[in-house]
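Raw final.tsv, TSV, C-alpha atoms:
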```
chain	number	residue	atom	x	y	z
A	1	MET	CA	33.92	-72.44	-61.45
A	2	PRO	CA	30.66	-74.16	-62.43
A	3	CYS	CA	29.28	-74.37	-58.89
A	4	MET	CA	30.12	-70.79	-58.07
A	5	GLU	CA	26.88	-69.43	-59.48
A	6	PRO	CA	24.31	-68.09	-57.04
A	7	GLY	CA	22.12	-71.08	-57.90
A	8	GLY	CA	24.80	-73.40	-56.60
A	9	THR	CA	25.11	-71.48	-53.36
A	10	ARG	CA	21.38	-71.53	-52.86
A	11	ASN	CA	21.31	-75.22	-53.53
A	12	SER	CA	24.06	-76.11	-51.08
A	13	LEU	CA	22.48	-73.85	-48.46
A	14	SER	CA	19.17	-75.61	-48.87
A	15	GLN	CA	20.93	-78.94	-48.48
A	16	LEU	CA	22.59	-77.74	-45.31
A	17	ARG	CA	19.25	-76.55	-44.06
A	18	ARG	CA	17.57	-79.81	-44.88
A	19	GLY	CA	20.22	-81.75	-43.02
A	20	ALA	CA	20.05	-79.54	-39.96
A	21	VAL	CA	16.28	-79.23	-39.69
A	22	GLU	CA	15.72	-82.83	-38.70
A	23	TYR	CA	18.05	-82.45	-35.74
A	24	CYS	CA	16.29	-79.24	-34.82
A	25	VAL	CA	13.09	-81.28	-34.66
A	26	LEU	CA	14.78	-83.77	-32.37
A	27	ALA	CA	16.09	-80.90	-30.26
A	28	LEU	CA	12.59	-79.45	-29.92
A	29	LEU	CA	11.39	-82.80	-28.62
A	30	ARG	CA	14.05	-82.99	-25.93
A	31	GLY	CA	11.76	-81.33	-23.44
A	32	GLY	CA	8.82	-83.64	-24.13
A	33	GLU	CA	6.25	-84.54	-26.75
A	34	ARG	CA	4.81	-82.02	-29.18
A	35	TYR	CA	2.29	-82.23	-31.99
A	36	GLY	CA	3.02	-81.56	-35.65
A	37	PHE	CA	1.68	-78.06	-35.99
A	38	GLU	CA	3.43	-76.97	-32.83
A	39	LEU	CA	6.76	-78.30	-34.12
A	40	VAL	CA	6.31	-76.65	-37.48
A	41	ARG	CA	5.56	-73.26	-36.00
A	42	LYS	CA	8.47	-73.46	-33.57
A	43	LEU	CA	10.83	-74.29	-36.41
A	44	SER	CA	9.60	-71.53	-38.65
A	45	GLU	CA	10.20	-69.00	-35.90
A	46	VAL	CA	13.91	-69.61	-36.47
A	47	ASP	CA	15.07	-67.19	-39.13
A	48	GLY	CA	16.15	-68.85	-42.37
A	49	LEU	CA	15.58	-72.41	-41.25
A	50	VAL	CA	12.31	-73.38	-42.91
A	51	THR	CA	11.22	-72.00	-46.25
A	52	SER	CA	8.10	-74.11	-46.76
A	53	GLU	CA	6.35	-75.24	-43.60
A	54	GLY	CA	4.65	-78.10	-45.42
A	55	THR	CA	7.94	-79.89	-46.06
A	56	ILE	CA	8.31	-80.56	-42.32
A	57	TYR	CA	5.58	-83.20	-42.37
A	58	PRO	CA	7.37	-85.58	-44.73
A	59	LEU	CA	10.42	-85.07	-42.56
A	60	LEU	CA	8.48	-86.09	-39.46
A	61	THR	CA	7.37	-89.22	-41.28
A	62	ARG	CA	10.98	-90.01	-42.11
A	63	LEU	CA	12.07	-89.54	-38.48
A	64	ARG	CA	9.37	-91.91	-37.41
A	65	ARG	CA	10.35	-94.45	-40.01
A	66	ASP	CA	13.96	-94.24	-38.85
A	67	ARG	CA	12.72	-94.82	-35.29
A	68	LEU	CA	14.19	-91.56	-34.03
A	69	VAL	CA	10.74	-90.52	-32.85
A	70	THR	CA	7.56	-92.36	-31.98
A	71	THR	CA	4.05	-91.05	-32.35
A	72	PHE	CA	0.81	-91.36	-30.48
A	73	TRP	CA	-2.60	-89.77	-30.63
A	74	ARG	CA	-4.08	-87.57	-27.97
A	75	GLU	CA	-7.40	-85.79	-27.65
A	76	SER	CA	-7.35	-82.04	-28.12
A	77	GLU	CA	-9.74	-79.52	-26.57
A	78	THR	CA	-10.15	-77.62	-29.81
A	79	GLY	CA	-10.70	-80.26	-32.45
A	80	PRO	CA	-9.99	-83.78	-33.58
A	81	PRO	CA	-7.26	-85.86	-31.89
A	82	ARG	CA	-3.70	-84.90	-32.65
A	83	ARG	CA	-0.65	-86.90	-33.47
A	84	TYR	CA	2.14	-86.26	-30.99
A	85	TYR	CA	5.83	-86.89	-31.57
A	86	GLN	CA	8.17	-88.14	-28.91
A	87	LEU	CA	11.92	-88.73	-28.87
A	88	THR	CA	13.11	-92.34	-28.73
A	89	ASP	CA	16.37	-93.45	-27.15
A	90	GLY	CA	17.79	-93.74	-30.63
A	91	GLY	CA	16.67	-90.20	-31.37
A	92	ARG	CA	18.30	-88.92	-28.22
A	93	GLU	CA	21.56	-90.61	-29.20
A	94	ALA	CA	21.43	-89.28	-32.74
A	95	LEU	CA	20.84	-85.80	-31.38
A	96	ALA	CA	23.76	-86.01	-28.97
A	97	GLY	CA	26.03	-87.20	-31.74
A	98	PHE	CA	24.94	-84.45	-34.08
A	99	THR	CA	25.27	-81.77	-31.42
A	100	GLU	CA	28.91	-82.66	-30.95
A	101	GLU	CA	29.68	-82.93	-34.65
A	102	TRP	CA	27.85	-79.74	-35.40
A	103	ALA	CA	29.88	-77.76	-32.91
A	104	ARG	CA	33.12	-78.96	-34.52
A	105	PHE	CA	31.82	-78.34	-37.99
A	106	ARG	CA	30.53	-74.87	-37.17
A	107	ASN	CA	33.70	-73.81	-35.41
A	108	GLY	CA	35.84	-75.10	-38.24
A	109	VAL	CA	33.81	-73.39	-40.94
A	110	ASP	CA	33.53	-70.18	-38.94
A	111	GLY	CA	37.27	-70.20	-38.43
A	112	LEU	CA	37.87	-70.33	-42.17
A	113	LEU	CA	35.13	-67.92	-43.14
A	114	MET	CA	36.14	-65.25	-40.64
A	115	GLU	CA	39.92	-65.28	-41.03
A	116	GLU	CA	40.02	-62.60	-43.63
A	117	GLY	CA	43.32	-61.69	-45.15
A	118	THR	CA	45.43	-63.29	-42.43
A	119	ARG	CA	48.14	-65.65	-43.50
B	1	MET	CA	-17.71	-57.66	-56.14
B	2	THR	CA	-16.55	-61.21	-55.97
B	3	ILE	CA	-16.74	-63.54	-53.04
B	4	VAL	CA	-13.83	-65.91	-52.95
B	5	HIS	CA	-14.76	-69.14	-51.28
B	6	THR	CA	-11.93	-69.91	-48.93
B	7	ASP	CA	-13.04	-73.54	-48.88
B	8	LYS	CA	-12.28	-73.68	-52.54
B	9	LEU	CA	-8.79	-72.28	-52.04
B	10	VAL	CA	-8.05	-75.01	-49.53
B	11	ARG	CA	-9.65	-77.69	-51.65
B	12	ASP	CA	-7.68	-76.66	-54.72
B	13	TYR	CA	-4.48	-76.66	-52.72
B	14	LEU	CA	-5.10	-80.13	-51.33
B	15	ARG	CA	-6.03	-81.43	-54.74
B	16	ARG	CA	-2.77	-80.10	-56.13
B	17	LEU	CA	-0.95	-81.82	-53.30
B	18	GLU	CA	-2.73	-85.07	-53.97
B	19	ARG	CA	-1.80	-84.92	-57.62
B	20	ALA	CA	1.82	-84.05	-56.87
B	21	ALA	CA	2.01	-86.90	-54.36
B	22	ALA	CA	0.73	-89.45	-56.86
B	23	PRO	CA	4.04	-91.34	-56.94
B	24	LEU	CA	3.87	-92.07	-53.22
B	25	ALA	CA	2.29	-95.20	-51.83
B	26	PRO	CA	-1.45	-94.56	-51.44
B	27	SER	CA	-1.34	-94.82	-47.64
B	28	ARG	CA	1.52	-92.35	-47.34
B	29	ARG	CA	-0.15	-89.98	-49.71
B	30	ALA	CA	-3.39	-90.09	-47.75
B	31	GLU	CA	-1.48	-89.49	-44.54
B	32	LEU	CA	0.41	-86.54	-45.98
B	33	VAL	CA	-2.76	-84.91	-47.26
B	34	ALA	CA	-4.47	-85.46	-43.90
B	35	GLU	CA	-1.54	-83.89	-42.05
B	36	ILE	CA	-1.51	-80.85	-44.28
B	37	ARG	CA	-5.27	-80.51	-43.89
B	38	GLU	CA	-4.92	-80.59	-40.11
B	39	HIS	CA	-2.13	-78.07	-40.31
B	40	ILE	CA	-4.39	-75.71	-42.25
B	41	ASP	CA	-7.16	-76.10	-39.66
B	42	ASP	CA	-4.75	-75.53	-36.80
B	43	ALA	CA	-3.14	-72.55	-38.47
B	44	LEU	CA	-6.49	-70.89	-39.14
B	45	LEU	CA	-7.54	-71.54	-35.58
B	46	THR	CA	-4.35	-69.96	-34.34
B	47	ALA	CA	-4.76	-67.01	-36.67
B	48	GLY	CA	-8.25	-66.53	-35.29
B	49	ALA	CA	-9.56	-65.83	-38.76
B	50	ALA	CA	-10.57	-67.82	-41.79
B	51	ASP	CA	-11.03	-65.07	-44.33
B	52	GLU	CA	-9.35	-65.08	-47.70
B	53	VAL	CA	-6.24	-63.29	-46.48
B	54	ALA	CA	-5.77	-65.68	-43.58
B	55	VAL	CA	-6.21	-68.72	-45.80
B	56	ARG	CA	-3.85	-67.41	-48.45
B	57	ASN	CA	-1.21	-66.66	-45.83
B	58	VAL	CA	-1.45	-70.13	-44.35
B	59	LEU	CA	-1.13	-71.75	-47.79
B	60	GLU	CA	1.74	-69.44	-48.67
B	61	ARG	CA	3.65	-70.47	-45.58
B	62	LEU	CA	3.05	-74.13	-46.31
B	63	GLY	CA	4.72	-73.67	-49.66
B	64	PRO	CA	4.00	-75.17	-53.08
B	65	PRO	CA	2.31	-78.60	-52.85
B	66	GLU	CA	4.84	-79.91	-55.37
B	67	GLU	CA	7.66	-79.05	-53.01
B	68	ILE	CA	5.97	-80.83	-50.12
B	69	ALA	CA	5.38	-83.92	-52.23
B	70	ALA	CA	8.97	-83.86	-53.44
B	71	ALA	CA	10.18	-83.74	-49.83
B	72	ALA	CA	8.07	-86.82	-49.11
B	73	GLY	CA	10.05	-89.08	-51.36
B	74	PRO	CA	13.27	-89.09	-53.25
B	75	SER	CA	11.48	-89.30	-56.55
B	76	GLN	CA	11.28	-92.97	-57.35
B	77	ARG	CA	9.84	-91.92	-60.63
B	78	ARG	CA	13.02	-90.93	-62.31
B	79	SER	CA	12.65	-92.14	-65.83
B	80	GLY	CA	15.42	-93.30	-68.07
B	81	ARG	CA	16.38	-95.87	-70.66
B	82	LEU	CA	14.13	-98.56	-69.21
B	83	GLU	CA	11.06	-96.42	-69.75
B	84	LEU	CA	12.14	-95.38	-73.22
B	85	ALA	CA	12.75	-99.01	-74.19
B	86	ALA	CA	9.36	-99.99	-72.76
B	87	MET	CA	7.54	-97.40	-74.81
B	88	ILE	CA	9.35	-98.28	-78.02
B	89	ALA	CA	8.71	-101.98	-77.48
B	90	LEU	CA	5.00	-101.44	-76.89
B	91	ALA	CA	4.69	-99.82	-80.29
B	92	VAL	CA	5.90	-103.03	-81.97
B	93	PRO	CA	3.16	-105.66	-82.32
B	94	PHE	CA	3.42	-109.13	-80.79
B	95	VAL	CA	6.99	-109.69	-79.55
B	96	GLY	CA	7.25	-105.99	-78.74
B	97	TRP	CA	4.15	-106.13	-76.57
B	98	LEU	CA	5.53	-108.94	-74.50
B	99	VAL	CA	8.81	-107.15	-73.95
B	100	GLY	CA	7.04	-103.84	-73.38
B	101	VAL	CA	4.65	-105.21	-70.78
B	102	VAL	CA	7.52	-106.76	-68.84
B	103	LEU	CA	9.53	-103.53	-68.97
B	104	VAL	CA	6.57	-101.40	-67.94
B	105	ALA	CA	5.90	-103.73	-65.03
B	106	ALA	CA	9.55	-103.52	-63.96
B	107	SER	CA	9.69	-99.73	-64.11
B	108	ARG	CA	9.28	-97.62	-61.01
B	109	ALA	CA	8.53	-94.50	-62.95
B	110	TRP	CA	4.83	-95.20	-63.36
B	111	THR	CA	2.21	-95.75	-60.72
B	112	GLY	CA	0.34	-99.04	-60.67
B	113	ARG	CA	-2.68	-97.37	-62.12
B	114	GLU	CA	-0.76	-95.75	-64.94
B	115	LYS	CA	0.75	-99.10	-65.83
B	116	VAL	CA	-2.64	-100.77	-65.98
B	117	VAL	CA	-4.14	-98.00	-68.09
B	118	GLY	CA	-1.14	-97.89	-70.43
B	119	ILE	CA	-1.08	-101.62	-70.98
B	120	ALA	CA	-4.85	-101.69	-71.39
B	121	ILE	CA	-4.67	-99.04	-74.10
B	122	CYS	CA	-2.12	-101.22	-75.90
B	123	LEU	CA	-3.88	-104.51	-75.56
B	124	VAL	CA	-7.62	-103.85	-75.50
B	125	PRO	CA	-7.77	-102.95	-79.20
B	126	VAL	CA	-5.75	-106.09	-79.93
B	127	PHE	CA	-8.13	-108.12	-77.84
B	128	ILE	CA	-11.10	-106.70	-79.71
B	129	ALA	CA	-9.28	-107.37	-82.95
B	130	GLY	CA	-8.70	-110.94	-81.80
B	131	LEU	CA	-12.41	-111.37	-81.20
B	132	GLY	CA	-12.95	-109.96	-84.66
B	133	PHE	CA	-10.65	-112.63	-86.07
B	134	VAL	CA	-12.56	-115.32	-84.27
B	135	ALA	CA	-15.81	-113.93	-85.62
B	136	VAL	CA	-14.46	-113.85	-89.17
B	137	GLY	CA	-13.11	-117.37	-88.80
B	138	ALA	CA	-16.39	-118.65	-87.45
B	139	GLU	CA	-18.30	-116.98	-90.23
B	140	SER	CA	-16.16	-118.27	-93.03
B	141	SER	CA	-16.15	-121.76	-91.61
B	142	ALA	CA	-19.89	-121.65	-91.13
B	143	GLU	CA	-20.10	-120.24	-94.67
B	144	VAL	CA	-23.83	-120.92	-94.73
B	145	GLY	CA	-24.20	-117.20	-94.33
B	146	VAL	CA	-26.00	-117.29	-91.05
B	147	PRO	CA	-23.61	-115.32	-88.90
B	148	VAL	CA	-22.81	-117.21	-85.75
B	149	GLY	CA	-24.57	-114.58	-83.71
B	150	THR	CA	-22.07	-114.94	-80.92
B	151	ALA	CA	-19.48	-112.35	-81.94
B	152	PRO	CA	-19.40	-111.54	-78.24
B	153	GLY	CA	-21.00	-108.18	-77.96
B	154	THR	CA	-17.75	-106.36	-78.61
B	155	LEU	CA	-18.54	-105.57	-82.17
B	156	PRO	CA	-22.14	-104.47	-82.25
B	157	GLU	CA	-21.60	-102.93	-85.70
B	158	GLU	CA	-22.29	-104.81	-88.88
B	159	HIS	CA	-20.45	-108.03	-89.37
B	160	GLY	CA	-19.08	-106.91	-92.69
B	161	GLY	CA	-18.91	-109.17	-95.66
B	162	GLY	CA	-16.72	-111.63	-93.85
B	163	GLY	CA	-15.04	-114.46	-95.65
B	164	ASP	CA	-14.88	-113.03	-99.17
B	165	GLY	CA	-11.29	-111.85	-99.11
B	166	GLY	CA	-11.93	-108.06	-99.28
B	167	LEU	CA	-10.95	-105.66	-96.53
B	168	GLY	CA	-14.26	-105.58	-94.67
B	169	PRO	CA	-14.92	-103.55	-91.54
B	170	ILE	CA	-13.80	-106.39	-89.31
B	171	GLU	CA	-10.47	-106.79	-91.03
B	172	LEU	CA	-10.04	-103.04	-90.78
B	173	VAL	CA	-10.67	-103.18	-87.04
B	174	VAL	CA	-8.19	-106.03	-86.75
B	175	VAL	CA	-5.48	-104.13	-88.56
B	176	LEU	CA	-6.12	-100.81	-86.82
B	177	GLY	CA	-6.35	-102.47	-83.44
B	178	THR	CA	-3.11	-104.30	-83.92
B	179	PHE	CA	-1.11	-101.33	-85.08
B	180	LEU	CA	-2.66	-98.43	-83.19
B	181	GLY	CA	-3.04	-99.80	-79.67
B	182	GLY	CA	0.67	-100.08	-78.94
B	183	PRO	CA	1.65	-96.59	-80.08
B	184	LEU	CA	-1.36	-95.07	-78.29
B	185	GLY	CA	-0.43	-96.82	-75.05
B	186	ALA	CA	3.17	-95.70	-75.44
B	187	VAL	CA	2.06	-92.11	-76.01
B	188	TYR	CA	-0.10	-92.25	-72.90
B	189	LEU	CA	2.73	-93.61	-70.74
B	190	GLY	CA	5.10	-91.02	-72.18
B	191	SER	CA	2.72	-88.20	-71.37
B	192	ARG	CA	2.52	-89.42	-67.76
B	193	LEU	CA	6.30	-89.33	-67.51
B	194	ARG	CA	6.54	-85.81	-68.86
B	195	ARG	CA	3.93	-84.66	-66.44
B	196	THR	CA	5.73	-86.02	-63.40
B	197	ALA	CA	9.03	-84.73	-64.68
B	198	ALA	CA	7.54	-81.26	-64.95
B	199	ALA	CA	6.19	-81.47	-61.42
B	200	GLY	CA	9.57	-82.64	-60.16
B	201	GLU	CA	11.41	-79.78	-61.80
B	202	LEU	CA	9.02	-77.30	-60.32
B	203	ALA	CA	9.55	-78.80	-56.90
B	204	SER	CA	13.31	-78.73	-57.01
B	205	ALA	CA	13.49	-75.21	-58.43
```

If you convert what's in this file into structure tokens, what do you get?
Amino acid sequence: MPCMEPGGTRNSLSQLRRGAVEYCVLALLRGGERYGFELVRKLSEVDGLVTSEGTIYPLLTRLRRDRLVTTFWRESETGPPRRYYQLTDGGREALAGFTEEWARFRNGVDGLLMEEGTR
Amino acid sequence: MTIVHTDKLVRDYLRRLERAAAPLAPSRRAELVAEIREHIDDALLTAGAADEVAVRNVLERLGPPEEIAAAAGPSQRRSGRLELAAMIALAVPFVGWLVGVVLVAASRAWTGREKVVGIAICLVPVFIAGLGFVAVGAESSAEVGVPVGTAPGTLPEEHGGGGDGGLGPIELVVVLGTFLGGPLGAVYLGSRLRRTAAAGELASA
């Protein structure tokens, strides 16, 4: 009963989102390096994924600290040098693992959520 | 007709972020602020405009600075019994100070700077009071009446009628310093805790 309030739902959704976003970052890096702003804008194009763009930056720092991505600086034509993010082998592995788990998780949850009234 | 300086909007936003990120290590905080600043520049460049509407939209999409700072660290500043005990101890002269200083140092709820300021508030008045004691002692032992002019600059006020048993200005300073410093320091540290707690609640809302 206590966690059935809308607040609880919102909270668990935001936790789900938080957990998934970091793998979405890794997925975006599969095709090659990208810089922070680029990543943020790509992510926020996905409906319902990112509520505050600014929170992606701390997440990028965490990914780097966990050695799932590496960073390097590169000149840009428009302004100061930019920090680029690149997938590490560890990041690639983590992404592959999550992709598999996520499919199982999603199918399982979908199965339960959609089976209305059947017994 | 008012002109809103968009620079000021950005500056205020970054300042809020800096304040909210105070619990982070200085290098991480600086990095976070730099990243957000770059993001704002990039976003305005992409938008092809830097008027008030464009700036407000970019900041809106970034989200509240408090939320960004909260995402940067599982708040290490959660305060609990340790902090309460530290503040109570600081308010008790002598033994309490020792315990309080140790507890404050052990706590992760305050930043290094807050710890230094808090402890300084507690102990500086005591230190001054101590010097006062020394001055009184020197005077009464010199007794000749010529004040040993070396009451080291900390008490430029009159040297009171030291040595004759009454509660002169120096004794007053000693007593006030001893009993007020601790509570004042504790109040300061407490106010810092409440402030961070408020910021944290805002961020997790």

Please identify every residue of chain B that has at least one atom no more than 8 Å from any atom of chain A, counting only C-alpha atoms, and report them as a CSV table (one decimal) with C-alpha atoms, in the coordinates of the input.
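Just written: result-v1.csv:
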```
chain,number,residue,atom,x,y,z
B,32,LEU,CA,0.4,-86.5,-46.0
B,35,GLU,CA,-1.5,-83.9,-42.0
B,36,ILE,CA,-1.5,-80.8,-44.3
B,39,HIS,CA,-2.1,-78.1,-40.3
B,42,ASP,CA,-4.8,-75.5,-36.8
B,43,ALA,CA,-3.1,-72.6,-38.5
B,61,ARG,CA,3.6,-70.5,-45.6
B,62,LEU,CA,3.0,-74.1,-46.3
B,63,GLY,CA,4.7,-73.7,-49.7
B,64,PRO,CA,4.0,-75.2,-53.1
B,65,PRO,CA,2.3,-78.6,-52.8
B,67,GLU,CA,7.7,-79.0,-53.0
B,68,ILE,CA,6.0,-80.8,-50.1
B,69,ALA,CA,5.4,-83.9,-52.2
B,71,ALA,CA,10.2,-83.7,-49.8
B,72,ALA,CA,8.1,-86.8,-49.1
B,73,GLY,CA,10.0,-89.1,-51.4
```

### Message
Please report the interatomic distance between CA of Glu115 in chain A and CA of Ser14 in chain A in Å with one decimal.
### Response
24.5 Å

#### Entry: Expected answer as JSON, numbers by chain: all residues with atoms within 12 Å of (6.3, -105.9, -68.9), all atoms listed in the file
{"B": [82, 83, 85, 86, 87, 89, 90, 95, 96, 97, 98, 99, 100, 101, 102, 103, 104, 105, 106, 107, 108, 115, 116, 118, 119, 122]}

Go ahead and write the residues just picked, C-alpha atoms, as a PDB file, in the coordinates of the input.
```pdb
ATOM      1  CA  LEU B  82      14.130 -98.560 -69.210  1.00  0.00           C
ATOM      2  CA  GLU B  83      11.060 -96.420 -69.750  1.00  0.00           C
ATOM      3  CA  ALA B  85      12.750 -99.010 -74.190  1.00  0.00           C
ATOM      4  CA  ALA B  86       9.360 -99.990 -72.760  1.00  0.00           C
ATOM      5  CA  MET B  87       7.540 -97.400 -74.810  1.00  0.00           C
ATOM      6  CA  ALA B  89       8.710-101.980 -77.480  1.00  0.00           C
ATOM      7  CA  LEU B  90       5.000-101.440 -76.890  1.00  0.00           C
ATOM      8  CA  VAL B  95       6.990-109.690 -79.550  1.00  0.00           C
ATOM      9  CA  GLY B  96       7.250-105.990 -78.740  1.00  0.00           C
ATOM     10  CA  TRP B  97       4.150-106.130 -76.570  1.00  0.00           C
ATOM     11  CA  LEU B  98       5.530-108.940 -74.500  1.00  0.00           C
ATOM     12  CA  VAL B  99       8.810-107.150 -73.950  1.00  0.00           C
ATOM     13  CA  GLY B 100       7.040-103.840 -73.380  1.00  0.00           C
ATOM     14  CA  VAL B 101       4.650-105.210 -70.780  1.00  0.00           C
ATOM     15  CA  VAL B 102       7.520-106.760 -68.840  1.00  0.00           C
ATOM     16  CA  LEU B 103       9.530-103.530 -68.970  1.00  0.00           C
ATOM     17  CA  VAL B 104       6.570-101.400 -67.940  1.00  0.00           C
ATOM     18  CA  ALA B 105       5.900-103.730 -65.030  1.00  0.00           C
ATOM     19  CA  ALA B 106       9.550-103.520 -63.960  1.00  0.00           C
ATOM     20  CA  SER B 107       9.690 -99.730 -64.110  1.00  0.00           C
ATOM     21  CA  ARG B 108       9.280 -97.620 -61.010  1.00  0.00           C
ATOM     22  CA  LYS B 115       0.750 -99.100 -65.830  1.00  0.00           C
ATOM     23  CA  VAL B 116      -2.640-100.770 -65.980  1.00  0.00           C
ATOM     24  CA  GLY B 118      -1.140 -97.890 -70.430  1.00  0.00           C
ATOM     25  CA  ILE B 119      -1.080-101.620 -70.980  1.00  0.00           C
ATOM     26  CA  CYS B 122      -2.120-101.220 -75.900  1.00  0.00           C
TER      27      CYS B 122
END
```

### Query
Hey, can you check how far CA of Leu59 in chain B sits from CA of Ala20 in chain B?
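The value is 15.6 Å.
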
### Message
What's around range 84-89 of chain A at 12 Å? Count all atoms listed in the file, leave out sequence neighbours fewer than 4 positions away in its own chain, and write the answer as JSON, numbers by chain.
### Response
{"A": [23, 25, 26, 27, 28, 29, 30, 31, 32, 33, 34, 35, 36, 37, 38, 39, 40, 57, 60, 61, 63, 64, 65, 66, 67, 68, 69, 70, 71, 72, 73, 74, 75, 76, 93, 94, 95, 96], "B": [35]}

### Task
Grab the CA of Pro23 in chain B to CA of Arg113 in chain B distance for me, in Å with one decimal place.
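Those two atoms sit 10.4 Å apart.
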